[in-house]
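K.L.:
First the structure, then my questions, so here it is.
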Protein chains: 2
Amino acid sequence: VAILVAGGAGFVGTSLVNGLLARGNSIIVIDNFARGADSNLEDGKRSGRLQVVEGDAADLASLRAVVRQHVEPGKITEVWHLAANSDIPAGIADARIDLQDTFMTTFSLLELMQEIDARRMFFASSSAIYGDLGRRILTEDVGPLFPISNYGAMKLASEALITAAAEKFLERAVLFRFPNVVGVPATHGVLLDFIRRLKVDRTRLKVLGDGTQQKSYLHVSDLIEAMLLVEASSSVKVEAINIGPTDQGITVRQIAEETVSVVAPGASIEFGQGTKGWVGHVPRFEYSTAKIQNLGWKPALDSLGAIRLAVRQIAEQENAI
Amino acid sequence: VAILVAGGAGFVGTSLVNGLLARGNSIIVIDNFARGADSNLEDGKRSGRLQVVEGDAADLASLRAVVRQHVEPGKITEVWHLAANSDIPAGIADARIDLQDTFMTTFSLLELMQEIDARRMFFASSSAIYGDLGRRILTEDVGPLFPISNYGAMKLASEALITAAAEKFLERAVLFRFPNVVGVPATHGVLLDFIRRLKVDRTRLKVLGDGTQQKSYLHVSDLIEAMLLVEASSSVKVEAINIGPTDQGITVRQIAEETVSVVAPGASIEFGQGTKGWVGHVPRFEYSTAKIQNLGWKPALDSLGAIRLAVRQIAEQENAI
């Protein structure tokens with residue numbers, strides 16, 4: 001048996017594929033290399049159990065071609081779906097991006113799964129599905145779900161498709177609700193943005209908003225451990241599960257200061273106004289991880305620790321130190 | 001100013017258009033006439049304030065053409081979106097039906113609205129978004145939302161698109177969560193099904209399931225009154241609101257008996273087994289209408305009353321009595 005990982009050459013996908021390979025699984029990755037890259041998976045390929053195919057997971061014909069190519073080592077029984085547009089502002093500017101890359105990937109993967117009788121779906125959903133519920137604690141069962149970005153909308157829409165598919169043919173469906181995740185290979189996000197701008201001008205860093213926006217961050221290594229733990233230790237047919245650090249998060253100011261201290265010590269930090277950096281960006285929320293903690297999971301790094309490690313990793317990736 | 005009604009020639013659309021015309025509004029209907037029919041709106045057209053255009057609301061080019069055609073009596077500022085596939089089993093057999101008719105209509109209408117600066121969206125959502133939460137009371141804020149049919153999934157997906165659009169440009173977004181609605185012109189549903197089958201064989205009626213499935217029903221006249229009341233009396237920017245009868249519903253057995261008594265008195269009723277008639281069909285739920293009742297709304301007919309009136313209306317429509 002083999003596992004299909006959609007978006008497996010991207011930021012989270014790379015670490016997930018390595019985690020699955022370490023468990024002994026055979027993997028086939030489909031990725032459009034929009035942000036992902038074949039080179040991210042060089043190490044994994046040496047295992048002899050990894051195939052990487054360029055293709056569009058939103059396109060059923062493309063998915064069928066991947067399955068046809070994948071003659072060994074056996075039937076695909078499981079899909080980990082991480083393909084998505086991860087650029088929230090781009091999805092706001094053009095709703096078709098999230099439609100195609102985030103939603104239609106889910107639609108087509110489910111169509112494929114039904115055709116090939118693959119009955120296990122592990123989906124990278126997002127805390128963005130919760131929208132802005134103010135100060136309410138975001139447990140997996142909170143409502144109403146009114147996402148405020150196209151990205152969040154298409155993730156919630158994907159969840160809905162998956163739960164309907166579970167009624168029809170899936171045996172297992174896990175909706176992992178990701179927090180903000182940091183690490184390498186970084187393809188997007190605030191850290192990469194800060195580091196790249198500091199490379200251009202090492203004397204100052206301009207920050208959107210007043211710097212008080214607070215978010216929690218998880219390092220990708222902790223995220224993968226959480227996903228594999230849930231897969232192995234829970235057997236609920238359909239479930240959503242929040243993954244995130246157990247702290248209340250850190251501010252943009254702290255992130256900016258940490259980045260500056262590593263990449264351009266002494267640079268000035270200039271803040272804007274307001275707590276919303278851009279439309280569709282939830283300024284602050286409290287994310288409950290009680291459910292996954294009850295499975296025995298604890299992140300090795302808190303938000304600050306995750307940011308500290310990731311800043312160093314990304315600075316290296318960008319040759320900024 | 002004018003109102004665009006997508007799916008306005010269909011079952012609910014016909015009554016809604018008549019209700020909006022009675023308030024003095026100017027209306028333009030776009031309908032693909034898949035189930036709706038131009039002839040349903042003959043009365044309304046005599047007002048001189050109704051235009052009916054054949055077109056596919058999932059197709060942005062088609063929507064733009066409707067707007068171009070609609071030179072009088074002014075700018076479209078508001079959309080009532082009732083276009084959807086309403087055949088749940090068909091959507092289960094082919095997921096592309098709900099994708100196109102239920103979800104892409106929402107996507108394209110929102111694209112159009114942004115282009116023409118129409119900022120008020122009234123959406124026909126569904127109690128199907130709640131999935132099967134067992135005996136839990138279905139308030140508007142309940143979670144998790146795990147729909148079990150493609151129809152419910154695409155309705156929830158549409159809601160998510162709309163709430164994201166509200167963050168971007170909408171000034172008002174109301175998500176009406178419909179119960180089971182009965183009345184004329186009937187285009188689908190259990191009553192039409194029973195009546196048509198009784199026309200073929202007046203001696204007996206075969207029923208899916210054991211007849212104990214219980215659901216609540218609202219007559220379309222009460223539904224329209226509720227929608228117009230919410231539009232007029234609430235001004236929350238984004239809200240979901242359950243519409244439904246205040247009783248706990250009636251069983252399939254009662255519906256079958258009522259239909260037989262009107263259409264084919266003395267016919268035998270043969271029941272099947274189990275409480276699920278088909279996949280994706282929630283057997284029983286308790287639907288909270290406290291929120292809309294707090295706005296001062298009460299249905300004129302309870303579930304049994306709605307079914308009784310609708311059976312007679314549909315029997316007439318079908319020339320079955």
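By order in the structure tokens, chains are A, B, ...; within a chain, residues start at 1; ligands start at 1, following the order shown.
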Write out as a ChimeraX atom specification the residues lying within 12 Å of Gly48 in chain B, counting only C-alpha atoms and excluding same-chain residues fewer than 5 positions away.
P.N.:
/B:21,24-28,41-43,72-73
K.L.:
Go ahead and save the picked residues with C-alpha atoms, as a compact mmCIF listing (two decimals), in the first residue's frame.
P.N.:
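And here is the file that came out, part_25.txt:
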# COMPACT_ATOMS: atom_id res chain seq x y z
CA LEU B 21 -43.15 42.49 -6.13
CA GLY B 24 -43.06 47.36 -4.71
CA ASN B 25 -39.57 46.16 -5.66
CA SER B 26 -38.27 45.87 -9.21
CA ILE B 27 -36.94 42.41 -9.93
CA ILE B 28 -34.76 40.70 -12.44
CA LEU B 41 -43.99 34.00 -13.17
CA GLU B 42 -46.77 35.01 -15.58
CA ASP B 43 -48.72 36.82 -12.85
CA GLU B 72 -34.18 49.71 -16.45
CA PRO B 73 -35.28 50.51 -13.78
K.L.:
Output as a Markdown table one row per residue of chain A within 6 Å of chain B: the closest atom pair and its distance in Å to one decimal place, counting only C-alpha atoms, sorted by chain and residue number ascending.
P.N.:
| residue | atom | partner | partner_atom | distance |
| --- | --- | --- | --- | --- |
| A:Asp141 | CA | B:Pro144 | CA | 4.4 |
| A:Val142 | CA | B:Gly143 | CA | 5.3 |
| A:Gly143 | CA | B:Asp141 | CA | 4.5 |
| A:Pro144 | CA | B:Asp141 | CA | 4.4 |
| A:Phe146 | CA | B:Thr163 | CA | 5.4 |
| A:Pro147 | CA | B:Ala164 | CA | 5.6 |
| A:Ile148 | CA | B:Ala164 | CA | 4.0 |
| A:Ser149 | CA | B:Ala164 | CA | 4.8 |
| A:Asn150 | CA | B:Ala164 | CA | 5.6 |
| A:Ala153 | CA | B:Ala160 | CA | 4.6 |
| A:Ala157 | CA | B:Ala157 | CA | 4.0 |
| A:Ala160 | CA | B:Ala153 | CA | 4.6 |
| A:Leu161 | CA | B:Ala153 | CA | 5.4 |
| A:Thr163 | CA | B:Phe146 | CA | 5.4 |
| A:Ala164 | CA | B:Ile148 | CA | 4.0 |
| A:Glu167 | CA | B:Ile148 | CA | 5.5 |
K.L.:
Extract the full set of alpha helix (DSSP H) residues from range 124-225 of chain A according to DSSP on the backbone, and format it as an mmCIF file with C-alpha atoms, in the first residue's frame.
P.N.:
data_model
loop_
_atom_site.group_PDB
_atom_site.id
_atom_site.type_symbol
_atom_site.label_atom_id
_atom_site.label_comp_id
_atom_site.auth_asym_id
_atom_site.auth_seq_id
_atom_site.Cartn_x
_atom_site.Cartn_y
_atom_site.Cartn_z
ATOM 1 C CA ASN A 150 -11.389 33.374 0.957
ATOM 2 C CA TYR A 151 -8.641 31.106 2.201
ATOM 3 C CA GLY A 152 -10.604 30.263 5.356
ATOM 4 C CA ALA A 153 -13.790 29.916 3.326
ATOM 5 C CA MET A 154 -12.224 27.418 0.932
ATOM 6 C CA LYS A 155 -10.725 25.435 3.833
ATOM 7 C CA LEU A 156 -14.151 25.231 5.509
ATOM 8 C CA ALA A 157 -15.704 24.361 2.156
ATOM 9 C CA SER A 158 -13.138 21.579 1.800
ATOM 10 C CA GLU A 159 -13.923 20.259 5.262
ATOM 11 C CA ALA A 160 -17.591 20.128 4.307
ATOM 12 C CA LEU A 161 -16.834 18.135 1.155
ATOM 13 C CA ILE A 162 -14.786 15.691 3.192
ATOM 14 C CA THR A 163 -17.423 15.104 5.860
ATOM 15 C CA ALA A 164 -20.003 14.501 3.122
ATOM 16 C CA ALA A 165 -17.585 12.047 1.480
ATOM 17 C CA ALA A 166 -17.235 10.273 4.822
ATOM 18 C CA GLU A 167 -20.959 9.578 4.768
ATOM 19 C CA LYS A 168 -20.547 8.183 1.274
ATOM 20 C CA VAL A 190 5.857 36.957 7.969
ATOM 21 C CA LEU A 191 9.336 35.653 8.828
ATOM 22 C CA LEU A 192 10.376 35.180 5.223
ATOM 23 C CA ASP A 193 8.936 38.587 4.425
ATOM 24 C CA PHE A 194 10.847 40.303 7.256
ATOM 25 C CA ILE A 195 14.103 38.551 6.443
ATOM 26 C CA ARG A 196 13.924 39.351 2.744
ATOM 27 C CA ARG A 197 13.197 43.000 3.439
ATOM 28 C CA LEU A 198 16.035 43.219 5.932
ATOM 29 C CA LYS A 199 18.373 41.836 3.293
ATOM 30 C CA VAL A 200 17.439 44.764 1.050
ATOM 31 C CA VAL A 220 6.635 22.499 11.593
ATOM 32 C CA SER A 221 8.505 19.710 13.411
ATOM 33 C CA ASP A 222 5.923 19.805 16.218
ATOM 34 C CA LEU A 223 3.097 19.965 13.686
ATOM 35 C CA ILE A 224 4.200 16.789 11.916
ATOM 36 C CA GLU A 225 4.595 14.959 15.204
#
K.L.:
So that I can check the surroundings of Ser127 in chain B, please list as an MDAnalysis selection string every protein, DNA and RNA residue that reaches within 7 Å of it, counting only C-alpha atoms and ignoring chain neighbours fewer than 4 positions away.
P.N.:
chainID B and resid 177:179
K.L.:
Generate the output file for the selected residues, N, CA and C atoms, as a PDB file, in the first residue's frame.
P.N.:
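Final output, result.pdb:
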ATOM      1  N   ARG B 177     -31.349  29.573   6.841  1.00  0.00           N
ATOM      2  CA  ARG B 177     -31.238  28.110   6.839  1.00  0.00           C
ATOM      3  C   ARG B 177     -32.627  27.511   6.751  1.00  0.00           C
ATOM      4  N   PHE B 178     -32.915  27.020   5.573  1.00  0.00           N
ATOM      5  CA  PHE B 178     -34.251  26.505   5.275  1.00  0.00           C
ATOM      6  C   PHE B 178     -34.472  25.142   5.910  1.00  0.00           C
ATOM      7  N   PRO B 179     -35.702  24.908   6.334  1.00  0.00           N
ATOM      8  CA  PRO B 179     -36.111  23.557   6.729  1.00  0.00           C
ATOM      9  C   PRO B 179     -36.575  22.847   5.452  1.00  0.00           C
TER      10      PRO B 179
END
K.L.:
Near Val66 in chain B, counting only C-alpha atoms, which residues have an atom at most 12 Å away, once you skip same-chain residues fewer than 3 positions from it, shown as a list in words?
P.N.:
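Neighbouring residues, sequence-local ones excluded: Leu4, Val5, Ala6, Ile27, Ile28, Val29, Ile30, Asp31, Gln51, Val52, Val53, Glu54, Gly55, Asp56, Ala57, Asp59, Leu60, Ala61, Ser62, Leu63, Gln69, His70, Val71, Glu72, Ile76, Leu109, Leu112 and Ile116 of chain B.
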K.L.:
Mind checking which residues fall within 12 Å of Gly249 in chain A, counting only C-alpha atoms, ignoring those fewer than 2 positions away in the same chain, and posting them as an mmCIF file with N, CA and C atoms, in the first residue's frame?
P.N.:
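That gives us out-v9.cif:
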data_model
loop_
_atom_site.group_PDB
_atom_site.id
_atom_site.type_symbol
_atom_site.label_atom_id
_atom_site.label_comp_id
_atom_site.auth_asym_id
_atom_site.auth_seq_id
_atom_site.Cartn_x
_atom_site.Cartn_y
_atom_site.Cartn_z
ATOM 1 N N PRO A 179 -2.442 25.870 13.017
ATOM 2 C CA PRO A 179 -2.208 27.238 13.476
ATOM 3 C C PRO A 179 -1.271 27.902 12.451
ATOM 4 N N ASN A 180 -0.672 28.995 12.814
ATOM 5 C CA ASN A 180 0.407 29.549 12.011
ATOM 6 C C ASN A 180 1.615 28.647 12.221
ATOM 7 N N THR A 212 1.002 45.127 17.871
ATOM 8 C CA THR A 212 0.383 44.456 19.021
ATOM 9 C C THR A 212 -0.413 43.222 18.619
ATOM 10 N N GLN A 213 -0.579 43.001 17.304
ATOM 11 C CA GLN A 213 -1.291 41.795 16.868
ATOM 12 C C GLN A 213 -0.601 40.579 17.487
ATOM 13 N N GLN A 214 -1.405 39.694 18.070
ATOM 14 C CA GLN A 214 -0.829 38.549 18.756
ATOM 15 C C GLN A 214 -1.304 37.258 18.106
ATOM 16 N N LYS A 215 -0.396 36.372 17.826
ATOM 17 C CA LYS A 215 -0.755 35.085 17.245
ATOM 18 C C LYS A 215 0.137 34.018 17.855
ATOM 19 N N SER A 216 -0.347 32.790 17.794
ATOM 20 C CA SER A 216 0.493 31.704 18.275
ATOM 21 C C SER A 216 1.116 30.991 17.077
ATOM 22 N N TYR A 217 2.272 30.450 17.285
ATOM 23 C CA TYR A 217 3.026 29.813 16.208
ATOM 24 C C TYR A 217 3.497 28.436 16.630
ATOM 25 N N LEU A 218 3.496 27.550 15.664
ATOM 26 C CA LEU A 218 3.991 26.208 15.926
ATOM 27 C C LEU A 218 5.117 25.927 14.945
ATOM 28 N N GLY A 244 -1.788 23.234 17.796
ATOM 29 C CA GLY A 244 -1.186 24.534 18.051
ATOM 30 C C GLY A 244 -0.413 24.524 19.339
ATOM 31 N N PRO A 245 0.334 25.561 19.558
ATOM 32 C CA PRO A 245 1.070 25.670 20.819
ATOM 33 C C PRO A 245 0.093 25.894 21.968
ATOM 34 N N THR A 246 0.578 25.686 23.163
ATOM 35 C CA THR A 246 -0.300 25.793 24.322
ATOM 36 C C THR A 246 -0.216 27.174 24.970
ATOM 37 N N ASP A 247 0.628 28.015 24.440
ATOM 38 C CA ASP A 247 0.724 29.374 24.980
ATOM 39 C C ASP A 247 -0.236 30.305 24.249
ATOM 40 N N THR A 251 3.561 38.629 20.026
ATOM 41 C CA THR A 251 3.143 39.774 19.209
ATOM 42 C C THR A 251 4.045 39.928 17.987
ATOM 43 N N VAL A 252 3.544 40.679 17.033
ATOM 44 C CA VAL A 252 4.340 40.997 15.850
ATOM 45 C C VAL A 252 5.610 41.742 16.260
ATOM 46 N N ARG A 253 5.467 42.576 17.280
ATOM 47 C CA ARG A 253 6.649 43.304 17.771
ATOM 48 C C ARG A 253 7.754 42.336 18.192
ATOM 49 N N GLN A 254 7.370 41.286 18.950
ATOM 50 C CA GLN A 254 8.381 40.314 19.390
ATOM 51 C C GLN A 254 9.035 39.619 18.203
ATOM 52 N N ILE A 255 8.210 39.306 17.191
ATOM 53 C CA ILE A 255 8.736 38.628 16.009
ATOM 54 C C ILE A 255 9.716 39.533 15.270
ATOM 55 N N PRO A 283 -6.919 39.451 13.983
ATOM 56 C CA PRO A 283 -5.852 40.041 14.782
ATOM 57 C C PRO A 283 -5.451 39.224 16.001
ATOM 58 N N ARG A 284 -6.391 38.531 16.608
ATOM 59 C CA ARG A 284 -6.051 37.864 17.864
ATOM 60 C C ARG A 284 -7.095 36.802 18.150
ATOM 61 N N PHE A 285 -6.680 35.656 18.592
ATOM 62 C CA PHE A 285 -7.670 34.663 18.968
ATOM 63 C C PHE A 285 -7.067 33.669 19.952
ATOM 64 N N GLU A 286 -7.966 32.967 20.616
ATOM 65 C CA GLU A 286 -7.499 31.970 21.571
ATOM 66 C C GLU A 286 -7.956 30.600 21.120
ATOM 67 N N TYR A 287 -6.998 29.773 20.903
ATOM 68 C CA TYR A 287 -7.134 28.547 20.172
ATOM 69 C C TYR A 287 -7.014 27.408 21.177
ATOM 70 N N LEU A 301 8.289 23.114 21.338
ATOM 71 C CA LEU A 301 8.588 24.545 21.350
ATOM 72 C C LEU A 301 7.316 25.360 21.507
ATOM 73 N N ASP A 302 7.349 26.392 22.333
ATOM 74 C CA ASP A 302 6.221 27.318 22.387
ATOM 75 C C ASP A 302 6.344 28.325 21.242
ATOM 76 N N SER A 303 5.425 29.298 21.194
ATOM 77 C CA SER A 303 5.412 30.238 20.075
ATOM 78 C C SER A 303 6.753 30.952 19.923
ATOM 79 N N LEU A 304 7.265 31.435 21.031
ATOM 80 C CA LEU A 304 8.528 32.176 20.960
ATOM 81 C C LEU A 304 9.667 31.256 20.537
ATOM 82 N N GLY A 305 9.693 30.051 21.091
ATOM 83 C CA GLY A 305 10.735 29.090 20.726
ATOM 84 C C GLY A 305 10.663 28.713 19.252
ATOM 85 N N ALA A 306 9.439 28.544 18.754
ATOM 86 C CA ALA A 306 9.258 28.187 17.348
ATOM 87 C C ALA A 306 9.758 29.307 16.446
ATOM 88 N N ILE A 307 9.411 30.540 16.814
ATOM 89 C CA ILE A 307 9.850 31.696 16.017
ATOM 90 C C ILE A 307 11.375 31.803 16.057
#
K.L.:
Using DSSP on the backbone coordinates, identify the residues of range 51-283 of chain B assigned to strand (DSSP E); present them as a PyMOL selection string.
P.N.:
chain B and resi 51-54+76-81+120-126+137-138+172-178+180-182+204-207+214-215+217-219+238-242+250-251+268-271
K.L.:
Write the selection just made, keeping C-alpha atoms, as a PDB file, in the first residue's frame?
P.N.:
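Saved to result-v6.pdb:
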ATOM      1  CA  GLN B  51     -37.882  40.736 -16.002  1.00  0.00           C
ATOM      2  CA  VAL B  52     -37.089  37.058 -16.380  1.00  0.00           C
ATOM      3  CA  VAL B  53     -33.894  36.005 -18.139  1.00  0.00           C
ATOM      4  CA  GLU B  54     -32.769  32.485 -18.929  1.00  0.00           C
ATOM      5  CA  ILE B  76     -28.925  46.190  -8.988  1.00  0.00           C
ATOM      6  CA  THR B  77     -28.068  46.668  -5.319  1.00  0.00           C
ATOM      7  CA  GLU B  78     -29.256  43.404  -3.836  1.00  0.00           C
ATOM      8  CA  VAL B  79     -29.174  39.699  -4.659  1.00  0.00           C
ATOM      9  CA  TRP B  80     -31.427  36.948  -3.371  1.00  0.00           C
ATOM     10  CA  HIS B  81     -29.641  33.710  -4.178  1.00  0.00           C
ATOM     11  CA  ARG B 120     -26.607  43.034   0.014  1.00  0.00           C
ATOM     12  CA  MET B 121     -26.772  39.250  -0.216  1.00  0.00           C
ATOM     13  CA  PHE B 122     -29.680  37.102   0.965  1.00  0.00           C
ATOM     14  CA  PHE B 123     -28.864  33.438   0.656  1.00  0.00           C
ATOM     15  CA  ALA B 124     -31.036  30.349   0.756  1.00  0.00           C
ATOM     16  CA  SER B 125     -28.939  28.057   2.914  1.00  0.00           C
ATOM     17  CA  SER B 126     -30.177  24.865   4.467  1.00  0.00           C
ATOM     18  CA  ILE B 137     -30.601  21.201  19.474  1.00  0.00           C
ATOM     19  CA  LEU B 138     -29.655  22.906  16.231  1.00  0.00           C
ATOM     20  CA  ARG B 172     -25.375  42.822   4.644  1.00  0.00           C
ATOM     21  CA  ALA B 173     -25.365  39.057   4.404  1.00  0.00           C
ATOM     22  CA  VAL B 174     -28.204  36.881   5.644  1.00  0.00           C
ATOM     23  CA  LEU B 175     -27.888  33.104   5.557  1.00  0.00           C
ATOM     24  CA  PHE B 176     -31.413  31.711   5.733  1.00  0.00           C
ATOM     25  CA  ARG B 177     -31.238  28.110   6.839  1.00  0.00           C
ATOM     26  CA  PHE B 178     -34.251  26.505   5.275  1.00  0.00           C
ATOM     27  CA  ASN B 180     -37.967  21.173   4.471  1.00  0.00           C
ATOM     28  CA  VAL B 181     -40.286  23.410   2.506  1.00  0.00           C
ATOM     29  CA  VAL B 182     -43.498  22.326   0.811  1.00  0.00           C
ATOM     30  CA  ARG B 204     -50.603   1.081  -3.081  1.00  0.00           C
ATOM     31  CA  LEU B 205     -47.732   3.341  -2.051  1.00  0.00           C
ATOM     32  CA  LYS B 206     -44.243   1.992  -1.349  1.00  0.00           C
ATOM     33  CA  VAL B 207     -42.262   4.046   1.148  1.00  0.00           C
ATOM     34  CA  GLN B 214     -39.505  12.418  11.515  1.00  0.00           C
ATOM     35  CA  LYS B 215     -38.964  15.819   9.950  1.00  0.00           C
ATOM     36  CA  TYR B 217     -42.006  21.013   7.309  1.00  0.00           C
ATOM     37  CA  LEU B 218     -42.774  24.602   6.527  1.00  0.00           C
ATOM     38  CA  HIS B 219     -45.170  25.858   3.924  1.00  0.00           C
ATOM     39  CA  VAL B 238     -23.626  38.918   8.854  1.00  0.00           C
ATOM     40  CA  GLU B 239     -26.074  36.469  10.320  1.00  0.00           C
ATOM     41  CA  ALA B 240     -27.419  32.972   9.952  1.00  0.00           C
ATOM     42  CA  ILE B 241     -31.021  32.360  10.835  1.00  0.00           C
ATOM     43  CA  ASN B 242     -32.965  29.133  11.068  1.00  0.00           C
ATOM     44  CA  ILE B 250     -44.187  14.643  11.611  1.00  0.00           C
ATOM     45  CA  THR B 251     -43.332  11.173  10.431  1.00  0.00           C
ATOM     46  CA  SER B 268     -52.269   0.406   1.027  1.00  0.00           C
ATOM     47  CA  ILE B 269     -49.004   1.818   2.339  1.00  0.00           C
ATOM     48  CA  GLU B 270     -45.968  -0.498   2.286  1.00  0.00           C
ATOM     49  CA  PHE B 271     -42.993   0.434   4.402  1.00  0.00           C
TER      50      PHE B 271
END
K.L.:
Using Å and a single decimal, report how far CA of Val262 in chain A sits from CA of Ile321 in chain A.
P.N.:
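Value for the CA of Ile321 in chain A-CA of Val262 in chain A distance: 7.6 Å.
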K.L.:
Which residues are near Asp101 in chain A? Cut-off 7 Å, only C-alpha atoms, ignore same chain within fewer than 2 positions. Put them as a PyMOL selection string.
P.N.:
chain A and resi 58+83-85+97-99+103-105
K.L.:
Take the residues from that selection and write them out as a short mmCIF file (atom, residue, chain, number, x, y, z; two decimals), in the first residue's frame, keeping all heavy atoms.
P.N.:
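That gives us result03.cif:
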data_model
loop_
_atom_site.label_atom_id
_atom_site.label_comp_id
_atom_site.auth_asym_id
_atom_site.auth_seq_id
_atom_site.Cartn_x
_atom_site.Cartn_y
_atom_site.Cartn_z
N ALA A 58 -5.89 19.78 -8.52
CA ALA A 58 -7.26 20.24 -8.80
C ALA A 58 -7.81 19.61 -10.06
O ALA A 58 -9.00 19.70 -10.34
CB ALA A 58 -7.29 21.76 -8.92
N ALA A 83 -2.28 20.32 -0.40
CA ALA A 83 -2.22 21.26 -1.53
C ALA A 83 -3.16 22.43 -1.26
O ALA A 83 -4.32 22.23 -0.93
CB ALA A 83 -2.60 20.54 -2.82
N ALA A 84 -2.66 23.62 -1.40
CA ALA A 84 -3.48 24.82 -1.16
C ALA A 84 -2.71 26.06 -1.58
O ALA A 84 -1.48 26.05 -1.62
CB ALA A 84 -3.85 24.94 0.32
N ASN A 85 -3.46 27.09 -1.87
CA ASN A 85 -2.84 28.40 -1.96
C ASN A 85 -2.62 28.89 -0.55
O ASN A 85 -3.56 28.93 0.25
CB ASN A 85 -3.75 29.38 -2.70
CG ASN A 85 -3.24 30.81 -2.55
OD1 ASN A 85 -2.07 31.06 -2.81
ND2 ASN A 85 -4.10 31.70 -2.12
N ILE A 97 -8.05 32.01 -7.10
CA ILE A 97 -6.83 31.31 -6.67
C ILE A 97 -7.17 30.29 -5.58
O ILE A 97 -6.82 29.11 -5.68
CB ILE A 97 -5.79 32.33 -6.17
CG1 ILE A 97 -5.33 33.21 -7.34
CG2 ILE A 97 -4.61 31.61 -5.52
CD1 ILE A 97 -4.42 34.35 -6.91
N ASP A 98 -7.87 30.74 -4.55
CA ASP A 98 -8.27 29.79 -3.50
C ASP A 98 -9.27 28.77 -4.02
O ASP A 98 -9.26 27.61 -3.60
CB ASP A 98 -8.87 30.54 -2.31
CG ASP A 98 -7.84 31.35 -1.54
OD1 ASP A 98 -6.73 30.83 -1.34
OD2 ASP A 98 -8.15 32.47 -1.14
N LEU A 99 -10.14 29.22 -4.90
CA LEU A 99 -11.12 28.29 -5.49
C LEU A 99 -10.39 27.11 -6.11
O LEU A 99 -10.71 25.95 -5.85
CB LEU A 99 -11.96 29.01 -6.55
CG LEU A 99 -12.89 28.10 -7.37
CD1 LEU A 99 -14.05 27.60 -6.52
CD2 LEU A 99 -13.45 28.86 -8.59
N PHE A 103 -9.77 24.69 -2.89
CA PHE A 103 -11.05 23.97 -2.88
C PHE A 103 -11.12 22.87 -3.95
O PHE A 103 -11.48 21.73 -3.66
CB PHE A 103 -12.19 24.96 -3.09
CG PHE A 103 -13.55 24.31 -3.11
CD1 PHE A 103 -14.13 23.86 -1.94
CD2 PHE A 103 -14.22 24.13 -4.31
CE1 PHE A 103 -15.38 23.25 -1.96
CE2 PHE A 103 -15.48 23.52 -4.33
CZ PHE A 103 -16.05 23.08 -3.15
N MET A 104 -10.79 23.22 -5.19
CA MET A 104 -10.93 22.22 -6.25
C MET A 104 -9.92 21.07 -6.09
O MET A 104 -10.18 19.96 -6.56
CB MET A 104 -10.84 22.86 -7.63
CG MET A 104 -12.07 23.69 -8.01
SD MET A 104 -13.66 22.77 -7.90
CE MET A 104 -13.37 21.44 -9.08
N THR A 105 -8.82 21.32 -5.42
CA THR A 105 -7.92 20.22 -5.10
C THR A 105 -8.64 19.20 -4.21
O THR A 105 -8.53 18.00 -4.44
CB THR A 105 -6.65 20.71 -4.38
OG1 THR A 105 -7.02 21.57 -3.29
CG2 THR A 105 -5.74 21.49 -5.33
#
